[in-house]
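Everything below belongs to run00.tsv, which stores TSV, C-alpha atoms.
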```
chain	number	residue	atom	x	y	z
U	1	MET	CA	-125.01	42.82	82.36
U	2	LEU	CA	-122.37	41.87	79.78
U	3	GLY	CA	-124.52	39.01	78.46
U	4	SER	CA	-127.57	41.16	77.74
U	5	GLY	CA	-125.33	43.93	76.38
U	6	LEU	CA	-123.72	41.47	73.96
U	7	SER	CA	-127.09	40.12	72.91
U	8	ASP	CA	-128.39	43.63	72.21
U	9	SER	CA	-125.19	44.48	70.35
U	10	PHE	CA	-125.48	41.44	68.09
U	11	GLY	CA	-129.04	42.53	67.29
U	12	VAL	CA	-127.88	46.03	66.34
U	13	LEU	CA	-125.11	44.60	64.16
U	14	LYS	CA	-127.56	42.28	62.41
U	15	ARG	CA	-130.04	45.10	61.71
U	16	HIS	CA	-127.58	47.75	60.57
U	17	LYS	CA	-124.73	45.69	59.08
U	18	PRO	CA	-121.95	48.24	59.70
U	19	ASP	CA	-118.63	48.10	57.88
U	20	VAL	CA	-116.73	49.38	60.91
U	21	ALA	CA	-117.44	50.10	64.58
U	22	PHE	CA	-116.15	53.16	66.42
U	23	GLY	CA	-116.11	53.45	70.21
U	24	VAL	CA	-115.17	56.25	72.58
U	25	GLY	CA	-115.12	54.27	75.81
U	26	GLY	CA	-117.74	53.99	78.50
U	27	TYR	CA	-119.70	50.96	79.60
U	28	ALA	CA	-122.00	50.94	76.55
U	29	ALA	CA	-119.11	50.73	74.08
U	30	GLY	CA	-117.61	47.54	75.52
U	31	PRO	CA	-120.25	44.99	74.47
U	32	MET	CA	-120.67	46.58	71.03
U	33	LEU	CA	-116.95	46.56	70.28
U	34	LEU	CA	-116.63	43.00	71.54
U	35	ALA	CA	-119.58	41.90	69.40
U	36	SER	CA	-118.16	43.67	66.34
U	37	TRP	CA	-114.82	41.94	66.85
U	38	LEU	CA	-116.51	38.55	67.22
U	39	ARG	CA	-118.39	39.21	63.95
U	40	GLY	CA	-115.16	40.14	62.16
U	41	ILE	CA	-116.11	43.81	61.83
U	42	PRO	CA	-113.06	46.06	62.19
U	43	ASN	CA	-113.28	48.46	65.11
U	44	VAL	CA	-111.55	51.64	66.17
U	45	ILE	CA	-111.46	53.11	69.63
U	46	PHE	CA	-110.79	56.72	70.56
U	47	GLU	CA	-109.15	57.54	73.87
U	48	PRO	CA	-109.52	61.25	74.69
U	49	ASN	CA	-108.14	61.02	78.23
U	50	ALA	CA	-104.56	61.15	79.49
U	51	GLU	CA	-105.30	58.01	81.52
U	52	PRO	CA	-107.25	55.37	79.56
U	53	GLY	CA	-110.60	54.36	80.99
U	54	PHE	CA	-111.50	50.78	81.91
U	55	THR	CA	-113.48	49.96	78.76
U	56	ASN	CA	-110.81	51.19	76.38
U	57	ARG	CA	-108.08	49.35	78.29
U	58	VAL	CA	-110.06	46.12	77.83
U	59	VAL	CA	-111.18	46.54	74.21
U	60	ALA	CA	-107.76	47.84	73.08
U	61	ARG	CA	-106.64	44.21	72.95
U	62	PHE	CA	-108.91	43.46	70.01
U	63	ALA	CA	-109.24	46.90	68.43
U	64	LYS	CA	-108.00	47.21	64.85
U	65	ARG	CA	-106.83	50.79	65.45
U	66	ILE	CA	-106.63	53.18	68.40
U	67	ALA	CA	-106.89	56.96	68.03
U	68	ARG	CA	-105.34	58.82	70.95
U	69	ALA	CA	-105.77	62.44	71.92
U	70	THR	CA	-102.64	62.59	74.09
U	71	LYS	CA	-99.04	61.45	73.86
U	72	LEU	CA	-99.30	58.32	75.95
U	73	PRO	CA	-96.21	56.15	75.75
U	74	GLN	CA	-96.42	54.21	72.47
U	75	LYS	CA	-95.64	50.94	74.26
U	76	ALA	CA	-98.92	51.29	76.19
U	77	TRP	CA	-100.95	50.82	72.98
U	78	GLY	CA	-98.56	49.35	70.41
U	79	ALA	CA	-98.23	50.02	66.69
U	80	LYS	CA	-101.99	50.13	66.08
U	81	ALA	CA	-102.27	53.44	67.99
U	82	GLN	CA	-102.09	56.81	66.27
U	83	LEU	CA	-101.87	60.26	67.85
U	84	THR	CA	-104.85	62.07	66.32
U	85	GLY	CA	-105.57	64.77	68.88
U	86	CYS	CA	-109.07	65.60	70.02
U	87	PRO	CA	-111.39	66.83	67.26
U	88	VAL	CA	-112.79	70.31	67.77
U	89	ARG	CA	-115.37	72.03	65.55
U	90	PRO	CA	-113.98	75.05	63.63
U	91	GLU	CA	-116.76	77.22	65.13
U	92	PHE	CA	-115.09	76.83	68.51
U	93	PHE	CA	-112.15	78.95	67.34
U	94	SER	CA	-114.34	81.75	66.01
U	95	ILE	CA	-115.81	82.60	69.43
U	96	GLU	CA	-114.56	85.93	70.73
U	97	PRO	CA	-112.82	85.62	74.09
U	98	ARG	CA	-114.76	87.12	76.98
U	99	LYS	CA	-113.17	89.63	79.27
U	100	PRO	CA	-113.38	88.22	82.81
U	101	GLU	CA	-115.96	90.06	84.90
U	102	ARG	CA	-117.14	89.58	88.45
U	103	PRO	CA	-118.57	87.26	89.47
U	104	LEU	CA	-116.13	84.82	87.93
U	105	HIS	CA	-117.84	81.61	86.78
U	106	LEU	CA	-116.13	78.37	87.75
U	107	LEU	CA	-117.34	74.95	86.55
U	108	ILE	CA	-115.76	71.90	88.16
U	109	THR	CA	-116.20	68.47	86.61
U	110	GLY	CA	-114.32	65.25	87.08
U	111	GLY	CA	-115.01	62.73	84.39
U	112	SER	CA	-114.56	58.99	84.38
U	113	GLN	CA	-111.65	57.76	86.50
U	114	GLY	CA	-110.67	61.27	87.64
U	115	ALA	CA	-113.97	62.18	89.28
U	116	LEU	CA	-113.22	61.15	92.87
U	117	PRO	CA	-109.81	62.89	93.14
U	118	VAL	CA	-111.21	66.08	91.54
U	119	ASN	CA	-114.24	66.09	93.85
U	120	ARG	CA	-112.08	65.58	96.94
U	121	ALA	CA	-109.59	68.26	95.88
U	122	PHE	CA	-112.39	70.77	95.41
U	123	VAL	CA	-113.95	70.02	98.79
U	124	ASP	CA	-110.50	70.50	100.36
U	125	ALA	CA	-110.08	73.82	98.50
U	126	MET	CA	-113.43	75.28	99.60
U	127	ASP	CA	-111.95	76.87	102.74
U	128	LEU	CA	-109.37	78.68	100.61
U	129	LEU	CA	-112.08	79.97	98.29
U	130	ALA	CA	-114.43	81.05	101.10
U	131	THR	CA	-112.75	84.44	101.45
U	132	ARG	CA	-113.61	85.18	97.79
U	133	LYS	CA	-117.09	83.70	97.75
U	134	ASN	CA	-118.71	87.00	96.71
U	135	GLU	CA	-116.45	87.18	93.66
U	136	MET	CA	-117.37	83.77	92.23
U	137	GLN	CA	-120.24	81.68	91.04
U	138	ILE	CA	-119.29	78.01	91.37
U	139	VAL	CA	-120.98	74.98	89.87
U	140	HIS	CA	-119.55	71.63	90.95
U	141	GLN	CA	-120.79	68.63	88.97
U	142	THR	CA	-120.13	65.60	91.13
U	143	GLY	CA	-122.26	62.72	89.96
U	144	GLU	CA	-124.49	60.67	92.26
U	145	ARG	CA	-121.68	58.81	94.06
U	146	ASP	CA	-120.07	61.94	95.51
U	147	TYR	CA	-123.11	64.22	95.72
U	148	ASN	CA	-123.56	64.09	99.50
U	149	ALA	CA	-119.86	64.66	100.18
```
Write-out of the structure in structure tokens:
Amino acid sequence: MLGSGLSDSFGVLKRHKPDVAFGVGGYAAGPMLLASWLRGIPNVIFEPNAEPGFTNRVVARFAKRIARATKLPQKAWGAKAQLTGCPVRPEFFSIEPRKPERPLHLLITGGSQGALPVNRAFVDAMDLLATRKNEMQIVHQTGERDYNA
């Protein structure tokens, strides 16, 4: 689908005429960042994960700058990478901490490349948690691929 994604991206660039493109990874960012590079529009990618995702690994080659949230080895990205951290709204820090009460609420997610190992680890841990099942409310977000497992 890269061809149709590139075609759509060129259309968006023609309509909106951006001065810069900013991508955060994911399959939709790849064609747009490639199209922006081919049009001579500077682009920046942001990598929020400890392990870069596929799209960002590919587009990093032609990105003007790379903003990283973690201290990956500098040699992995080169001089165009800057450690910026992960932006968080100030309102986040004004929320009063909750005192833990029963049932404890546990949300399990595994994003991007980490989803399969997280999902498998949780399934393996379910027997250990079974003895405390009345003390917890668990939500496990798996995605379609691992839903049945």
Leu104 of chain U surroundings by only C-alpha atoms, 12 Å radius, close-in-sequence under 6 positions cut, as a PDB file with C-alpha atoms, keeping the file's coordinate frame:
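Result went into out-v2.pdb, see below:
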```pdb
ATOM      1  CA  ARG U  98    -114.760  87.120  76.980  1.00  0.00           C
ATOM      2  CA  ARG U 132    -113.610  85.180  97.790  1.00  0.00           C
ATOM      3  CA  LYS U 133    -117.090  83.700  97.750  1.00  0.00           C
ATOM      4  CA  ASN U 134    -118.710  87.000  96.710  1.00  0.00           C
ATOM      5  CA  GLU U 135    -116.450  87.180  93.660  1.00  0.00           C
ATOM      6  CA  MET U 136    -117.370  83.770  92.230  1.00  0.00           C
ATOM      7  CA  GLN U 137    -120.240  81.680  91.040  1.00  0.00           C
ATOM      8  CA  ILE U 138    -119.290  78.010  91.370  1.00  0.00           C
ATOM      9  CA  VAL U 139    -120.980  74.980  89.870  1.00  0.00           C
TER      10      VAL U 139
END
```
message = Can you tell me which residues surround segment 17-29 of chain U at a distance of at most 8 Å, considering only C-alpha atoms, apart from same-chain residues fewer than 4 positions away, and format the answer as a list in words?
response =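 The residues that qualify are Gly5, Val12, Leu13, Leu33, Ser36, Ile41, Pro42, Asn43, Val44, Ile45, Phe46, Glu47, Pro48, Gly53, Phe54, Thr55 and Asn56 of chain U.
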request  = Starting from the point (-108.6, 45.7, 66.8), work out which residues of protein, DNA or RNA have an atom no more than 9 Å away when counting only C-alpha atoms; state them as number ranges by chain.
outcome  = U: 37, 42-45, 59-66, 80
Hey, can you spit out that residue selection with C-alpha atoms as a PDB file, keeping the file's coordinate frame?
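See part-v5.pdb below for the written result:
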```pdb
ATOM      1  CA  TRP U  37    -114.820  41.940  66.850  1.00  0.00           C
ATOM      2  CA  PRO U  42    -113.060  46.060  62.190  1.00  0.00           C
ATOM      3  CA  ASN U  43    -113.280  48.460  65.110  1.00  0.00           C
ATOM      4  CA  VAL U  44    -111.550  51.640  66.170  1.00  0.00           C
ATOM      5  CA  ILE U  45    -111.460  53.110  69.630  1.00  0.00           C
ATOM      6  CA  VAL U  59    -111.180  46.540  74.210  1.00  0.00           C
ATOM      7  CA  ALA U  60    -107.760  47.840  73.080  1.00  0.00           C
ATOM      8  CA  ARG U  61    -106.640  44.210  72.950  1.00  0.00           C
ATOM      9  CA  PHE U  62    -108.910  43.460  70.010  1.00  0.00           C
ATOM     10  CA  ALA U  63    -109.240  46.900  68.430  1.00  0.00           C
ATOM     11  CA  LYS U  64    -108.000  47.210  64.850  1.00  0.00           C
ATOM     12  CA  ARG U  65    -106.830  50.790  65.450  1.00  0.00           C
ATOM     13  CA  ILE U  66    -106.630  53.180  68.400  1.00  0.00           C
ATOM     14  CA  LYS U  80    -101.990  50.130  66.080  1.00  0.00           C
TER      15      LYS U  80
END
```
ask   = How many Å separate atom CA of Arg145 of chain U from atom CA of Met1 of chain U?
value = 20.1 Å
Let me have the centre and edge lengths of the axis-aligned box enclosing all listed atoms of segment 68-78 of chain U with 3 Å padding on every side, in Å to one decimal, as JSON.
```
{"center_x": -100.7, "center_y": 56.0, "center_z": 73.3, "size_x": 16.1, "size_y": 19.2, "size_z": 11.8}
```
inquiry  = One decimal, in Å: what's the spacing between atom CA of Thr84 of chain U and atom CA of Val118 of chain U?
reply    = 26.3 Å
request  = Write out as a PyMOL selection string the residues lying within 7 Å of Gly85 of chain U, counting only C-alpha atoms and excluding same-chain residues fewer than 5 positions away.
outcome  = chain U and resi 68-70
Nearest residue to Ile108 of chain U from the set U:Gly78, U:Pro87, U:Gly30, U:Gly143 (distances using only C-alpha atoms) =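 Checking each candidate against Ile108 of chain U, we get U:Gly143 as the closest.
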note = From atom CA of Ser9 of chain U to atom CA of Ala76 of chain U the spacing works out at 27.8 Å
ask   = For Ala35 of chain U, which residue out of U:Glu101, U:Asp8, U:Asp146, U:Asp124 is the nearest one, using all atoms listed in the file?
value =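 The closest residue to Ala35 of chain U is U:Asp8.
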Could you rebuild segment 62-73 of chain U with all heavy atoms and give it back as a PDB file, in the frame of the given file?
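The new file selection31.pdb reads:
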```pdb
ATOM      1  N   PHE U  62    -108.385  43.960  71.276  1.00  0.00           N
ATOM      2  CA  PHE U  62    -108.910  43.460  70.010  1.00  0.00           C
ATOM      3  C   PHE U  62    -109.344  44.571  69.061  1.00  0.00           C
ATOM      4  O   PHE U  62    -110.007  44.311  68.060  1.00  0.00           O
ATOM      5  CB  PHE U  62    -110.028  42.434  70.222  1.00  0.00           C
ATOM      6  CG  PHE U  62    -111.119  42.874  71.147  1.00  0.00           C
ATOM      7  CD1 PHE U  62    -112.152  43.666  70.702  1.00  0.00           C
ATOM      8  CD2 PHE U  62    -111.100  42.480  72.476  1.00  0.00           C
ATOM      9  CE1 PHE U  62    -113.158  44.062  71.551  1.00  0.00           C
ATOM     10  CE2 PHE U  62    -112.112  42.876  73.337  1.00  0.00           C
ATOM     11  CZ  PHE U  62    -113.139  43.665  72.868  1.00  0.00           C
ATOM     12  N   ALA U  63    -108.939  45.796  69.343  1.00  0.00           N
ATOM     13  CA  ALA U  63    -109.240  46.900  68.430  1.00  0.00           C
ATOM     14  C   ALA U  63    -108.300  46.843  67.235  1.00  0.00           C
ATOM     15  O   ALA U  63    -107.121  46.517  67.372  1.00  0.00           O
ATOM     16  CB  ALA U  63    -109.084  48.244  69.142  1.00  0.00           C
ATOM     17  N   LYS U  64    -108.823  47.159  66.063  1.00  0.00           N
ATOM     18  CA  LYS U  64    -108.000  47.210  64.850  1.00  0.00           C
ATOM     19  C   LYS U  64    -107.068  48.416  64.898  1.00  0.00           C
ATOM     20  O   LYS U  64    -105.911  48.334  64.535  1.00  0.00           O
ATOM     21  CB  LYS U  64    -108.928  47.274  63.627  1.00  0.00           C
ATOM     22  CG  LYS U  64    -108.234  47.268  62.318  1.00  0.00           C
ATOM     23  CD  LYS U  64    -107.842  45.886  61.932  1.00  0.00           C
ATOM     24  CE  LYS U  64    -107.380  45.872  60.474  1.00  0.00           C
ATOM     25  NZ  LYS U  64    -106.797  44.599  60.147  1.00  0.00           N
ATOM     26  N   ARG U  65    -107.596  49.548  65.330  1.00  0.00           N
ATOM     27  CA  ARG U  65    -106.830  50.790  65.450  1.00  0.00           C
ATOM     28  C   ARG U  65    -107.263  51.531  66.719  1.00  0.00           C
ATOM     29  O   ARG U  65    -108.388  51.382  67.170  1.00  0.00           O
ATOM     30  CB  ARG U  65    -107.075  51.717  64.255  1.00  0.00           C
ATOM     31  CG  ARG U  65    -106.568  51.199  62.943  1.00  0.00           C
ATOM     32  CD  ARG U  65    -105.067  51.463  62.813  1.00  0.00           C
ATOM     33  NE  ARG U  65    -104.607  51.115  61.482  1.00  0.00           N
ATOM     34  CZ  ARG U  65    -104.092  49.935  61.152  1.00  0.00           C
ATOM     35  NH1 ARG U  65    -104.002  48.982  62.053  1.00  0.00           N
ATOM     36  NH2 ARG U  65    -103.666  49.707  59.942  1.00  0.00           N
ATOM     37  N   ILE U  66    -106.352  52.368  67.223  1.00  0.00           N
ATOM     38  CA  ILE U  66    -106.630  53.180  68.400  1.00  0.00           C
ATOM     39  C   ILE U  66    -106.227  54.618  68.066  1.00  0.00           C
ATOM     40  O   ILE U  66    -105.085  54.865  67.668  1.00  0.00           O
ATOM     41  CB  ILE U  66    -105.842  52.689  69.626  1.00  0.00           C
ATOM     42  CG1 ILE U  66    -106.198  51.240  69.938  1.00  0.00           C
ATOM     43  CG2 ILE U  66    -106.089  53.604  70.827  1.00  0.00           C
ATOM     44  CD1 ILE U  66    -105.264  50.577  70.930  1.00  0.00           C
ATOM     45  N   ALA U  67    -107.165  55.527  68.211  1.00  0.00           N
ATOM     46  CA  ALA U  67    -106.890  56.960  68.030  1.00  0.00           C
ATOM     47  C   ALA U  67    -106.712  57.561  69.415  1.00  0.00           C
ATOM     48  O   ALA U  67    -107.568  57.391  70.274  1.00  0.00           O
ATOM     49  CB  ALA U  67    -108.041  57.629  67.292  1.00  0.00           C
ATOM     50  N   ARG U  68    -105.601  58.237  69.635  1.00  0.00           N
ATOM     51  CA  ARG U  68    -105.340  58.820  70.950  1.00  0.00           C
ATOM     52  C   ARG U  68    -105.281  60.329  70.847  1.00  0.00           C
ATOM     53  O   ARG U  68    -104.766  60.882  69.880  1.00  0.00           O
ATOM     54  CB  ARG U  68    -104.012  58.370  71.555  1.00  0.00           C
ATOM     55  CG  ARG U  68    -103.388  57.144  71.076  1.00  0.00           C
ATOM     56  CD  ARG U  68    -102.113  56.853  71.880  1.00  0.00           C
ATOM     57  NE  ARG U  68    -101.074  57.842  71.686  1.00  0.00           N
ATOM     58  CZ  ARG U  68     -99.934  57.595  71.046  1.00  0.00           C
ATOM     59  NH1 ARG U  68     -99.694  56.412  70.554  1.00  0.00           N
ATOM     60  NH2 ARG U  68     -99.033  58.532  70.915  1.00  0.00           N
ATOM     61  N   ALA U  69    -105.782  60.984  71.876  1.00  0.00           N
ATOM     62  CA  ALA U  69    -105.770  62.440  71.920  1.00  0.00           C
ATOM     63  C   ALA U  69    -104.502  62.971  72.566  1.00  0.00           C
ATOM     64  O   ALA U  69    -104.136  64.116  72.367  1.00  0.00           O
ATOM     65  CB  ALA U  69    -106.985  62.963  72.668  1.00  0.00           C
ATOM     66  N   THR U  70    -103.821  62.145  73.352  1.00  0.00           N
ATOM     67  CA  THR U  70    -102.640  62.590  74.090  1.00  0.00           C
ATOM     68  C   THR U  70    -101.449  61.707  73.763  1.00  0.00           C
ATOM     69  O   THR U  70    -101.601  60.613  73.227  1.00  0.00           O
ATOM     70  CB  THR U  70    -102.885  62.556  75.607  1.00  0.00           C
ATOM     71  OG1 THR U  70    -103.177  61.201  75.986  1.00  0.00           O
ATOM     72  CG2 THR U  70    -104.025  63.468  76.010  1.00  0.00           C
ATOM     73  N   LYS U  71    -100.282  62.176  74.136  1.00  0.00           N
ATOM     74  CA  LYS U  71     -99.040  61.450  73.860  1.00  0.00           C
ATOM     75  C   LYS U  71     -98.750  60.425  74.950  1.00  0.00           C
ATOM     76  O   LYS U  71     -97.788  60.569  75.701  1.00  0.00           O
ATOM     77  CB  LYS U  71     -97.876  62.420  73.728  1.00  0.00           C
ATOM     78  CG  LYS U  71     -97.972  63.319  72.531  1.00  0.00           C
ATOM     79  CD  LYS U  71     -96.766  64.233  72.458  1.00  0.00           C
ATOM     80  CE  LYS U  71     -96.881  65.136  71.251  1.00  0.00           C
ATOM     81  NZ  LYS U  71     -95.720  66.009  71.117  1.00  0.00           N
ATOM     82  N   LEU U  72     -99.593  59.420  75.031  1.00  0.00           N
ATOM     83  CA  LEU U  72     -99.300  58.320  75.950  1.00  0.00           C
ATOM     84  C   LEU U  72     -98.075  57.587  75.412  1.00  0.00           C
ATOM     85  O   LEU U  72     -97.823  57.607  74.212  1.00  0.00           O
ATOM     86  CB  LEU U  72    -100.469  57.337  75.993  1.00  0.00           C
ATOM     87  CG  LEU U  72    -101.757  57.814  76.631  1.00  0.00           C
ATOM     88  CD1 LEU U  72    -102.849  56.779  76.438  1.00  0.00           C
ATOM     89  CD2 LEU U  72    -101.552  58.046  78.109  1.00  0.00           C
ATOM     90  N   PRO U  73     -97.330  56.941  76.267  1.00  0.00           N
ATOM     91  CA  PRO U  73     -96.210  56.150  75.750  1.00  0.00           C
ATOM     92  C   PRO U  73     -96.700  55.150  74.697  1.00  0.00           C
ATOM     93  O   PRO U  73     -97.697  54.467  74.895  1.00  0.00           O
ATOM     94  CB  PRO U  73     -95.674  55.430  76.982  1.00  0.00           C
ATOM     95  CG  PRO U  73     -96.142  56.260  78.136  1.00  0.00           C
ATOM     96  CD  PRO U  73     -97.447  56.876  77.701  1.00  0.00           C
TER      97      PRO U  73
END
```
